[in-house]
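K.L.:
Sharing a structure with you now.
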Amino acid sequence: MSSLTIFAGPHALQRLRSEGLNADQFKVMLGASGGPKWFVLFGLDRYIFGEFFANRERELITLGSSAGAWRMCCLATSDPVAAIERLAKLYSQEQYSEQPTTDEITDQAREMLAQTLGPDGVKEIVENEIFRTHIIADRARGIGSSQVKALRMLQLLSSALLNTASRKTLSLFFERNIFSNMGQTSPFSNASDLKTAHVAMSKENLMDAMMASGSIPFVLNGVRDIHSAKRGMYWDGGITDYHFDFPFHAGDDLVLYPHFSAAVIPGWFDKRIPWRRVDLKNFENVVMVVPSKEFVASLPYGKIPDRTDFETLDYSSRVAYWSTVLEKSKRLADDFAALVGSGAGIEDVQPFTGER
């Protein structure tokens with residue numbers, strides 16, 4: 001039984017069934033927020049980065065938030081497999097004091113990213129003309145940029161409350177910022193579903209953008225006044241774009257979306273709003289590759305890793321669990337490679353419905 005379940009929008013499904021699956025079909029690749037949930041995709045990332053898109057000569061536009069942004073940045077380095085392996089090792093073995101402060105977690109996260117990218121990684125990402133990186137971070141508006149914790153909490157509670165009525169109300173509290181190395185040619189330069197700003201990615205702001213994209217409020221510190229962007233405090237890109245829900249602009253080409261779950265949740269506050277679903281028009285060209293229910297059930301504890309593991313497991317148990325998931329995730333790569341090589345299993349691709 002395959003370790004994968006694949007969903008495809010109507011245009012993508014038609015192409016897969018008539019052409020099979022190959023790297024040249026894809027113009028866009030997505031990396032969602034989710035923290036350590038991405039460990040289940042590690043083996044698949046290694047295959048996609050090191051073989052599926054190896055020696056690519058045509059532009060691939062990547063879009064990521066939080067841990068997804070970190071993964072997409074690894075892809076744009078000169079040795080993406082080595083980079084994603086470093087990220088997996090460093091992240092899965094992260095260790096904190098018994099009651100870590102946001103300063104401690106933030107400092108370790110920045111050091112982790114620096115070691116992941118290595119001495120030349122920032123330059124390689126910014127100057128990469130094949131893998132076109134886009135990172136989402138959210139600038140707090142109004143009291144959300146305050147140094148006073150109570151005011152930031154009030155803003156988060158207010159935005160969560162109003163979001164239950166309409167996702168568009170997020171723009172009252174946050175401005176989506178897309179850091180891109182494509183400039184005005186970025187296909188996302190006209191995003192209008194939420195208040196959005198576009199920032200030219202540079203060697204001076206890339207690391208701050210990566211940090212901000214994963215800065216979960218009250219877990220990590222926000223990043224203030226990022227170079228070339230508007231002044232203010234920047235937070236986790238998953239607030240507006242947890243799993244994404246806006247046009248991906250692939251044209252007739254396809255969008256590759258390795259995802260850790262069959263559920264696609266637009267924004268961070270939508271996790272507890274079961275009726276909030278993505279616009280199916282945005283997913284017409286998307287091929288979403290997820291671990292099958294059977295594969296997940298075979299993992300320790302019968303689930304994929306998540307941030308609660310920091311609280312429920314001691315360090316040695318957590319590292320053992322996460323290491324097992326990283327090792328087992330190689331099966332996803334094997335099954336995906338078999339699908340690419342032989343086409344066997346294309347008939348099992350399911351229509352994407354947006355159900356949660």
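Labeling convention for the structure tokens: chains A, B, ... as they appear, residues from 1 per chain, ligands from 1 in order of appearance.
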With a distance cut-off of 12 Å and only C-alpha atoms, select the neighbouring residues of His243 in chain A, excluding the residue or stretch itself and same-chain residues fewer than 5 positions from it, and output the selection as an MDAnalysis selection string.
P.N.:
chainID A and resid 30:34 63:69 136 237:238 257:271 277:278 283 288 354
K.L.:
What lies within 12 Å of range 96-100 of chain A using only C-alpha atoms, ignoring chain neighbours under 2 positions off, as a CSV table (one decimal) with N, CA, C and O atoms, in the first residue's frame?
P.N.:
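Saved to result.csv:
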```csv
chain,number,residue,atom,x,y,z
A,91,TYR,N,16.8,21.0,13.8
A,91,TYR,CA,15.5,21.3,14.3
A,91,TYR,C,15.0,20.1,15.2
A,91,TYR,O,14.5,20.3,16.3
A,93,GLN,N,16.7,18.0,16.9
A,93,GLN,CA,17.5,17.8,18.1
A,93,GLN,C,17.6,19.1,19.0
A,93,GLN,O,18.4,19.1,19.9
A,94,GLU,N,16.7,20.1,18.6
A,94,GLU,CA,16.7,21.3,19.4
A,94,GLU,C,16.4,21.0,20.9
A,94,GLU,O,15.5,20.3,21.2
A,102,THR,N,11.2,33.4,25.5
A,102,THR,CA,11.2,33.7,24.1
A,102,THR,C,12.5,34.1,23.6
A,102,THR,O,12.9,33.8,22.4
A,103,ASP,N,13.3,34.7,24.4
A,103,ASP,CA,14.7,35.1,24.0
A,103,ASP,C,15.5,33.9,23.7
A,103,ASP,O,16.2,33.8,22.6
A,104,GLU,N,15.4,32.9,24.5
A,104,GLU,CA,16.2,31.6,24.3
A,104,GLU,C,15.8,30.9,23.1
A,104,GLU,O,16.6,30.5,22.2
A,105,ILE,N,14.5,30.8,22.9
A,105,ILE,CA,14.0,30.1,21.7
A,105,ILE,C,14.3,30.8,20.4
A,105,ILE,O,14.7,30.2,19.4
A,106,THR,N,14.2,32.1,20.5
A,106,THR,CA,14.5,33.0,19.3
A,106,THR,C,16.0,32.9,18.9
A,106,THR,O,16.4,32.7,17.8
A,107,ASP,N,16.9,33.0,19.9
A,107,ASP,CA,18.3,32.9,19.7
A,107,ASP,C,18.7,31.6,19.1
A,107,ASP,O,19.5,31.5,18.1
A,108,GLN,N,18.1,30.5,19.6
A,108,GLN,CA,18.4,29.2,19.0
A,108,GLN,C,17.9,29.0,17.6
A,108,GLN,O,18.5,28.4,16.8
A,109,ALA,N,16.7,29.6,17.4
A,109,ALA,CA,16.2,29.5,16.0
A,109,ALA,C,17.0,30.2,15.0
A,109,ALA,O,17.3,29.7,13.9
A,218,PHE,N,4.4,35.0,21.1
A,218,PHE,CA,4.5,34.6,22.5
A,218,PHE,C,5.3,33.3,22.6
A,218,PHE,O,5.5,32.7,23.7
A,219,VAL,N,5.8,32.7,21.5
A,219,VAL,CA,6.7,31.6,21.5
A,219,VAL,C,8.1,32.1,21.2
A,219,VAL,O,9.1,31.8,21.8
A,220,LEU,N,8.2,32.9,20.1
A,220,LEU,CA,9.4,33.6,19.7
A,220,LEU,C,9.2,35.1,19.7
A,220,LEU,O,8.0,35.5,19.7
A,310,PHE,N,7.0,19.1,22.4
A,310,PHE,CA,7.9,19.7,23.3
A,310,PHE,C,7.4,19.7,24.7
A,310,PHE,O,8.2,19.6,25.7
A,311,GLU,N,6.1,19.6,24.9
A,311,GLU,CA,5.5,19.7,26.2
A,311,GLU,C,5.2,18.3,26.8
A,311,GLU,O,5.2,18.1,28.0
A,314,ASP,N,9.6,14.0,27.1
A,314,ASP,CA,11.0,14.4,27.5
A,314,ASP,C,11.9,14.4,26.3
A,314,ASP,O,11.6,13.9,25.2
A,315,TYR,N,13.1,15.0,26.5
A,315,TYR,CA,13.9,15.3,25.4
A,315,TYR,C,14.3,14.0,24.6
A,315,TYR,O,14.2,13.9,23.4
```
K.L.:
Figure out the distance between CA of Leu170 in chain A and CA of Pro217 in chain A, please, to one decimal in Å.
P.N.:
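Between these atoms lies a distance of 15.4 Å.
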K.L.:
List the spatial neighbours of Ala8 in chain A as a list in words - criterion: any atom at most 9 Å away, only C-alpha atoms, same-chain residues fewer than 2 positions off excluded.
P.N.:
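What passes the distance filter is Ile6, Pro10, His11, Ala12, Leu13, Gln14, Leu16, Phe283, Glu284, Asn285, Val286, Val287, Met288, Val289, Val349, Gln350, Pro351, Phe352 and Thr353 of chain A.
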K.L.:
Let's have the selection written as an mmCIF file, in the first residue's frame, with C-alpha atoms.
P.N.:
```cif
data_model
loop_
_atom_site.group_PDB
_atom_site.id
_atom_site.type_symbol
_atom_site.label_atom_id
_atom_site.label_comp_id
_atom_site.auth_asym_id
_atom_site.auth_seq_id
_atom_site.Cartn_x
_atom_site.Cartn_y
_atom_site.Cartn_z
ATOM 1 C CA ILE A 6 -2.380 12.517 -3.929
ATOM 2 C CA PRO A 10 -9.552 19.471 -12.012
ATOM 3 C CA HIS A 11 -6.971 20.871 -14.450
ATOM 4 C CA ALA A 12 -4.117 19.124 -12.654
ATOM 5 C CA LEU A 13 -6.033 15.843 -12.502
ATOM 6 C CA GLN A 14 -6.705 15.949 -16.239
ATOM 7 C CA LEU A 16 -1.801 13.804 -14.652
ATOM 8 C CA PHE A 283 -6.516 24.895 -6.422
ATOM 9 C CA GLU A 284 -7.476 23.978 -9.986
ATOM 10 C CA ASN A 285 -3.821 23.448 -10.949
ATOM 11 C CA VAL A 286 -2.577 22.092 -7.616
ATOM 12 C CA VAL A 287 -1.122 18.617 -7.086
ATOM 13 C CA MET A 288 -1.114 17.998 -3.329
ATOM 14 C CA VAL A 289 1.039 15.115 -2.094
ATOM 15 C CA VAL A 349 -5.090 10.321 -7.650
ATOM 16 C CA GLN A 350 -8.159 11.837 -6.020
ATOM 17 C CA PRO A 351 -9.976 15.071 -6.882
ATOM 18 C CA PHE A 352 -9.167 17.901 -4.502
ATOM 19 C CA THR A 353 -12.372 18.922 -2.730
#
```
K.L.:
Rounded to one decimal, what separation in Å do you get between CA of Trp38 in chain A and CA of Ala212 in chain A?
P.N.:
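Here the two named atoms are 18.1 Å from each other.
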K.L.:
May I have the residues within 7 Å of Asp236 in chain A as a list in words, using only C-alpha atoms and disregarding those fewer than 6 positions away in the same chain?
P.N.:
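Here the answer would be Ser66, Ala137, Asp138, Ala212, Ser213, Gly214, Ser215 and Ile216 of chain A.
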K.L.:
Just want the 12 Å neighbourhood of Ala165 in chain A, counted on only C-alpha atoms, with same-chain residues fewer than 6 positions away dropped. Output as a PyMOL selection string.
P.N.:
chain A and resi 158-159+269-270+273+275-276
K.L.:
Between CA of His249 in chain A and CA of Gln25 in chain A, what is the distance in Å, rounded to a tenth?
P.N.:
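Answer for the CA of His249 in chain A to CA of Gln25 in chain A separation: 13.8 Å.
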K.L.:
Show which residues sit within 10 Å of Ser323 in chain A, as an mmCIF file with N, CA, C and O atoms, in the first residue's frame. Count only C-alpha atoms, and ignore same-chain residues fewer than 6 positions away.
P.N.:
```cif
data_model
loop_
_atom_site.group_PDB
_atom_site.id
_atom_site.type_symbol
_atom_site.label_atom_id
_atom_site.label_comp_id
_atom_site.auth_asym_id
_atom_site.auth_seq_id
_atom_site.Cartn_x
_atom_site.Cartn_y
_atom_site.Cartn_z
ATOM 1 N N PHE A 39 8.468 17.238 9.377
ATOM 2 C CA PHE A 39 9.395 16.108 9.442
ATOM 3 C C PHE A 39 8.887 14.911 8.645
ATOM 4 O O PHE A 39 9.670 14.137 8.102
ATOM 5 N N ALA A 88 16.771 19.480 9.172
ATOM 6 C CA ALA A 88 16.086 18.387 9.851
ATOM 7 C C ALA A 88 16.835 17.956 11.108
ATOM 8 O O ALA A 88 16.230 17.748 12.168
ATOM 9 N N LYS A 89 18.155 17.824 11.008
ATOM 10 C CA LYS A 89 18.938 17.391 12.160
ATOM 11 C C LYS A 89 18.908 18.427 13.277
ATOM 12 O O LYS A 89 18.653 18.105 14.446
ATOM 13 N N SER A 92 15.230 18.861 14.734
ATOM 14 C CA SER A 92 14.719 17.705 15.469
ATOM 15 C C SER A 92 15.477 17.465 16.771
ATOM 16 O O SER A 92 14.963 16.799 17.672
ATOM 17 N N GLN A 93 16.681 18.015 16.883
ATOM 18 C CA GLN A 93 17.478 17.821 18.097
ATOM 19 C C GLN A 93 17.552 19.075 18.959
ATOM 20 O O GLN A 93 18.352 19.147 19.896
ATOM 21 N N SER A 317 12.885 11.074 24.516
ATOM 22 C CA SER A 317 11.729 10.445 23.861
ATOM 23 C C SER A 317 11.335 11.211 22.604
ATOM 24 O O SER A 317 10.998 10.602 21.580
ATOM 25 N N SER A 329 10.144 8.652 6.738
ATOM 26 C CA SER A 329 9.655 9.541 5.679
ATOM 27 C C SER A 329 10.294 9.236 4.330
ATOM 28 O O SER A 329 9.783 9.664 3.289
#
```
K.L.:
Among range 189-249 of chain A, which residues carry a DSSP assignment of strand (DSSP E or B), reported as an mmCIF file with N, CA, C and O atoms, in the first residue's frame?
P.N.:
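Writing done, so here's out.cif:
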```
data_model
loop_
_atom_site.group_PDB
_atom_site.id
_atom_site.type_symbol
_atom_site.label_atom_id
_atom_site.label_comp_id
_atom_site.auth_asym_id
_atom_site.auth_seq_id
_atom_site.Cartn_x
_atom_site.Cartn_y
_atom_site.Cartn_z
ATOM 1 N N THR A 196 -1.550 43.503 1.325
ATOM 2 C CA THR A 196 -0.280 42.853 1.024
ATOM 3 C C THR A 196 0.760 43.868 0.582
ATOM 4 O O THR A 196 0.463 44.788 -0.180
ATOM 5 N N ALA A 197 1.986 43.690 1.075
ATOM 6 C CA ALA A 197 3.125 44.496 0.640
ATOM 7 C C ALA A 197 4.179 43.565 0.057
ATOM 8 O O ALA A 197 4.277 42.391 0.436
ATOM 9 N N HIS A 198 4.968 44.084 -0.869
ATOM 10 C CA HIS A 198 6.011 43.296 -1.519
ATOM 11 C C HIS A 198 7.353 43.935 -1.230
ATOM 12 O O HIS A 198 7.519 45.152 -1.350
ATOM 13 N N VAL A 199 8.301 43.106 -0.843
ATOM 14 C CA VAL A 199 9.612 43.591 -0.430
ATOM 15 C C VAL A 199 10.685 42.871 -1.237
ATOM 16 O O VAL A 199 10.650 41.643 -1.374
ATOM 17 N N ALA A 200 11.621 43.638 -1.767
ATOM 18 C CA ALA A 200 12.721 43.036 -2.512
ATOM 19 C C ALA A 200 13.634 42.280 -1.557
ATOM 20 O O ALA A 200 14.159 42.853 -0.600
ATOM 21 N N PRO A 217 3.811 34.251 17.751
ATOM 22 C CA PRO A 217 3.647 35.173 18.875
ATOM 23 C C PRO A 217 3.654 34.467 20.222
ATOM 24 O O PRO A 217 3.027 33.423 20.394
ATOM 25 N N LEU A 220 8.192 32.877 20.096
ATOM 26 C CA LEU A 220 9.416 33.552 19.693
ATOM 27 C C LEU A 220 9.175 35.054 19.725
ATOM 28 O O LEU A 220 8.021 35.522 19.744
ATOM 29 N N VAL A 223 10.248 40.156 14.795
ATOM 30 C CA VAL A 223 11.408 40.834 14.219
ATOM 31 C C VAL A 223 10.990 42.261 13.875
ATOM 32 O O VAL A 223 10.046 42.470 13.120
ATOM 33 N N ARG A 224 11.704 43.216 14.428
ATOM 34 C CA ARG A 224 11.323 44.613 14.253
ATOM 35 C C ARG A 224 12.136 45.277 13.137
ATOM 36 O O ARG A 224 13.338 45.067 13.014
ATOM 37 N N MET A 233 6.663 45.563 13.638
ATOM 38 C CA MET A 233 7.000 44.242 14.153
ATOM 39 C C MET A 233 6.436 43.178 13.216
ATOM 40 O O MET A 233 5.262 43.216 12.840
ATOM 41 N N TYR A 234 7.286 42.223 12.864
ATOM 42 C CA TYR A 234 6.919 41.173 11.908
ATOM 43 C C TYR A 234 6.802 39.827 12.622
ATOM 44 O O TYR A 234 7.645 39.474 13.456
ATOM 45 N N TRP A 235 5.738 39.090 12.242
ATOM 46 C CA TRP A 235 5.413 37.834 12.898
ATOM 47 C C TRP A 235 5.224 36.713 11.885
ATOM 48 O O TRP A 235 5.320 36.911 10.672
ATOM 49 N N ASP A 236 4.886 35.564 12.420
ATOM 50 C CA ASP A 236 4.709 34.331 11.661
ATOM 51 C C ASP A 236 3.796 34.524 10.439
ATOM 52 O O ASP A 236 2.658 34.979 10.564
#
```
K.L.:
Give the answer as one residue: which of A:Ala150, A:Glu19, A:Leu87, A:Pro36 has the shortest atom-to-atom distance to Lys303 in chain A, using only C-alpha atoms?
P.N.:
A:Pro36
